[in-house]
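Report on the structure given below.
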Amino acid sequence: MKDARSGGLVHVNQFYNDANFEAHMRGTAREIFVQSRRGGLRLKGVSGSLGTSGHMSAVAFYLQSVDPGVKAVLVQPAKDASIPGIRRVETGMLWINMLDIDYSLAEVTLEEAVEAMAEVARSDGLIIGPSGGAAVKALAKKAGEGELEPGDYVVVVPDTGFKYVNLVKQLL
C-alpha cells in the first residue's frame with residue numbers, strides 16, 4: 001500500500017476489499033447457478049481453492065442460499081505445504097470466517113495438485129493451474145472417502161497452467 005501511495009497508484013487489496021466478494025456473488029456464483037440449471041445438472045456441491053476466500057465464500061454462500069443441501073469442499077495446502085495462489089484458513093481470511101457457510105476443508109499437497117493438473121490435461125485436454133489441480137484432487141479425495149452423495153459437482157478452476165510449466169517439469 002505504501003508503494004502504491006508513493007507511486008500515485010491504487011491498491012485494490014483483494015484480501016480485504018468487499019468488492020472481491022460482491023463481484024463473485026454477482027458474477028461467478030450466479031454464473032455457476034445459471035449454467036448448472038441450464039445444463040440440467042443436479043448440483044450437489046462445489047469445490048475450489050482458498051486464496052483470498054472471496055470467490056469460494058461467495059459461491060458457497062450463493063449456492064447454499066438457493067439450495068441449503070449444496071456441499072462446499074474448500075481446499076487449502078496441506079500443513080507445511082505451499083501451493084501457488086492458495087493459503088490456509090488460519091492465515092486470516094475475511095469472508096470464510098464471517099459468513100455462515102456449510103463447508104468441509106480438504107488438504108492437498110503441491111505434488112497432489114500437480115498430479116491432478118496432469119490428469120486433467122490427459123483426460124480433458126485442459127491446462128489448469130495448481131490451485132485448480134488442488135480443487136480437482138480435493139473433490140476426488142472427498143468422493144473416495146465416501147463423503148459426497150451422488151450427483152453433479154462443479155470444480156472452480158481459477159487459472160491456466162501455462163505460467164506453471166517450469167514447476168510442473170520439476171515435479172513430474
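To be explicit about the labels: the chains of the C-alpha cells are called A, B, and onward in the order shown, and within each one the residues are counted from 1, while ligands get numbers from 1 in the order they are shown.
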Determine which residues of region 36-154 of chain A DSSP labels as helix (DSSP H, G or I) from the backbone of this structure, then write them out as a VMD selection string.
-> chain A and resid 36 to 38 54 to 66 89 to 91 95 to 98 110 to 124 130 to 144
Within 9 Å of region 21-31 of chain A, which residues of region 35-103 of chain A come that close, and what is the closest atom pair and distance in Å for each? Count only C-alpha atoms and give it as a Markdown table.
| residue | atom | partner | partner_atom | distance |
| --- | --- | --- | --- | --- |
| A:Gln35 | CA | A:Glu31 | CA | 5.9 |
| A:Ser36 | CA | A:Glu31 | CA | 8.2 |
| A:Ser53 | CA | A:Phe21 | CA | 8.2 |
| A:Gly54 | CA | A:Phe21 | CA | 4.5 |
| A:His55 | CA | A:His24 | CA | 5.3 |
| A:Met56 | CA | A:His24 | CA | 8.2 |
| A:Ser57 | CA | A:Phe21 | CA | 7.4 |
| A:Ala58 | CA | A:Met25 | CA | 5.0 |
| A:Val59 | CA | A:Ala29 | CA | 4.3 |
| A:Ala60 | CA | A:Ala29 | CA | 7.7 |
| A:Phe61 | CA | A:Met25 | CA | 8.2 |
| A:Tyr62 | CA | A:Ala29 | CA | 6.1 |
| A:Leu63 | CA | A:Ala29 | CA | 7.0 |
| A:Trp95 | CA | A:Phe21 | CA | 7.5 |
From the DSSP assignment of the backbone, select every residue of region 20-62 of chain A that is strand (DSSP E), and format the answer as a list in words.
-> Leu43, Lys44, Gly45, Val46, Ser47, Gly48 and Ser49 of chain A
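Comparing the minimum interatomic distances between Tyr103 (chain A) and each of A:Thr91, A:Ser65, A:Asn166, A:Ser47, counting only C-alpha atoms, we find that A:Ser47 sits nearest.
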Hey, could you make a per-residue contact list for region 4-92 of chain A against region 119-134 of chain A with 7 Å as the cut-off, showing the nearest pair of atoms and its distance in Å to one decimal, counting only C-alpha atoms, sorted by chain and number, as a tab-separated table?
residue	atom	partner	partner_atom	distance
A:Ser49	CA	A:Ser131	CA	5.9
A:Val75	CA	A:Ala134	CA	6.8
A:Ile83	CA	A:Pro130	CA	6.7
A:Pro84	CA	A:Pro130	CA	6.6
A:Gly85	CA	A:Ser131	CA	6.3
A:Ile86	CA	A:Ser131	CA	6.4
Kindly save the residues from that selection, with C-alpha atoms included, as a tab-separated table (two decimals), in the first residue's frame.
chain	number	residue	atom	x	y	z
A	49	SER	CA	-9.28	-23.49	-3.51
A	75	VAL	CA	-9.19	-26.54	-0.44
A	83	ILE	CA	0.65	-24.24	-3.47
A	84	PRO	CA	0.82	-21.11	-5.64
A	85	GLY	CA	-2.27	-18.96	-5.28
A	86	ILE	CA	-3.82	-20.62	-2.25
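When CA of Lys71 (chain A) is paired with CA of Leu148 (chain A), their separation reads 8.2 Å.
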Taking only C-alpha atoms into account, which of A:Gln64, A:Leu139, A:Lys169, A:Gly161 comes nearest Leu99 (chain A)?
->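 Among the listed residues, the smallest separation from Leu99 (chain A) belongs to A:Gln64.
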Å distance separating CA of Val70 (chain A) from CA of Arg37 (chain A), one decimal place |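 Answer for the CA of Val70 (chain A) to CA of Arg37 (chain A) separation: 13.5 Å.
Going from CA of Thr109 (chain A) over to CA of Leu172 (chain A), you cover 13.9 Å.
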Between A:Gly69, A:Gly151, A:Gly51, A:Pro77, which is the closest to Met93 (chain A) once you count only C-alpha atoms?
->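 Of A:Gly69, A:Gly151, A:Gly51, A:Pro77, the one nearest Met93 (chain A) is A:Gly51, counting only C-alpha atoms.
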Between A:Glu147, A:Arg88, A:Val156, A:Pro68, single out the one closest to Asp102 (chain A), counting only C-alpha atoms.
-> A:Pro68
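If only C-alpha atoms are the atoms counted, then among A:Ala81, A:Val66, A:Met117, A:Leu50 the closest residue to Asn97 (chain A) is A:Leu50.
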Would you mind listing what lies within 10 Å of Lys142 (chain A) as a list in words, with only C-alpha atoms counted and same-chain residues fewer than 3 positions away left out?
->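 What passes the distance filter is Val73, Ser104, Leu105, Ala106, Lys137, Ala138, Leu139, Glu145, Gly146, Glu147 and Leu148 of chain A.
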Selection export as a PDB file, in the first residue's frame, atoms kept: C-alpha atoms:
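Written output follows (part.pdb):
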ATOM      1  CA  VAL A  73     -15.380 -28.504  -0.470  1.00  0.00           C
ATOM      2  CA  SER A 104     -15.597 -29.066   4.631  1.00  0.00           C
ATOM      3  CA  LEU A 105     -11.898 -28.385   4.309  1.00  0.00           C
ATOM      4  CA  ALA A 106      -9.633 -30.580   2.253  1.00  0.00           C
ATOM      5  CA  LYS A 137      -7.807 -33.540  -6.156  1.00  0.00           C
ATOM      6  CA  ALA A 138      -9.768 -32.434  -3.084  1.00  0.00           C
ATOM      7  CA  LEU A 139     -13.080 -33.392  -4.661  1.00  0.00           C
ATOM      8  CA  GLU A 145     -13.734 -41.188   1.380  1.00  0.00           C
ATOM      9  CA  GLY A 146     -17.475 -41.561   0.755  1.00  0.00           C
ATOM     10  CA  GLU A 147     -18.243 -38.010   1.897  1.00  0.00           C
ATOM     11  CA  LEU A 148     -20.145 -36.995  -1.235  1.00  0.00           C
TER      12      LEU A 148
END
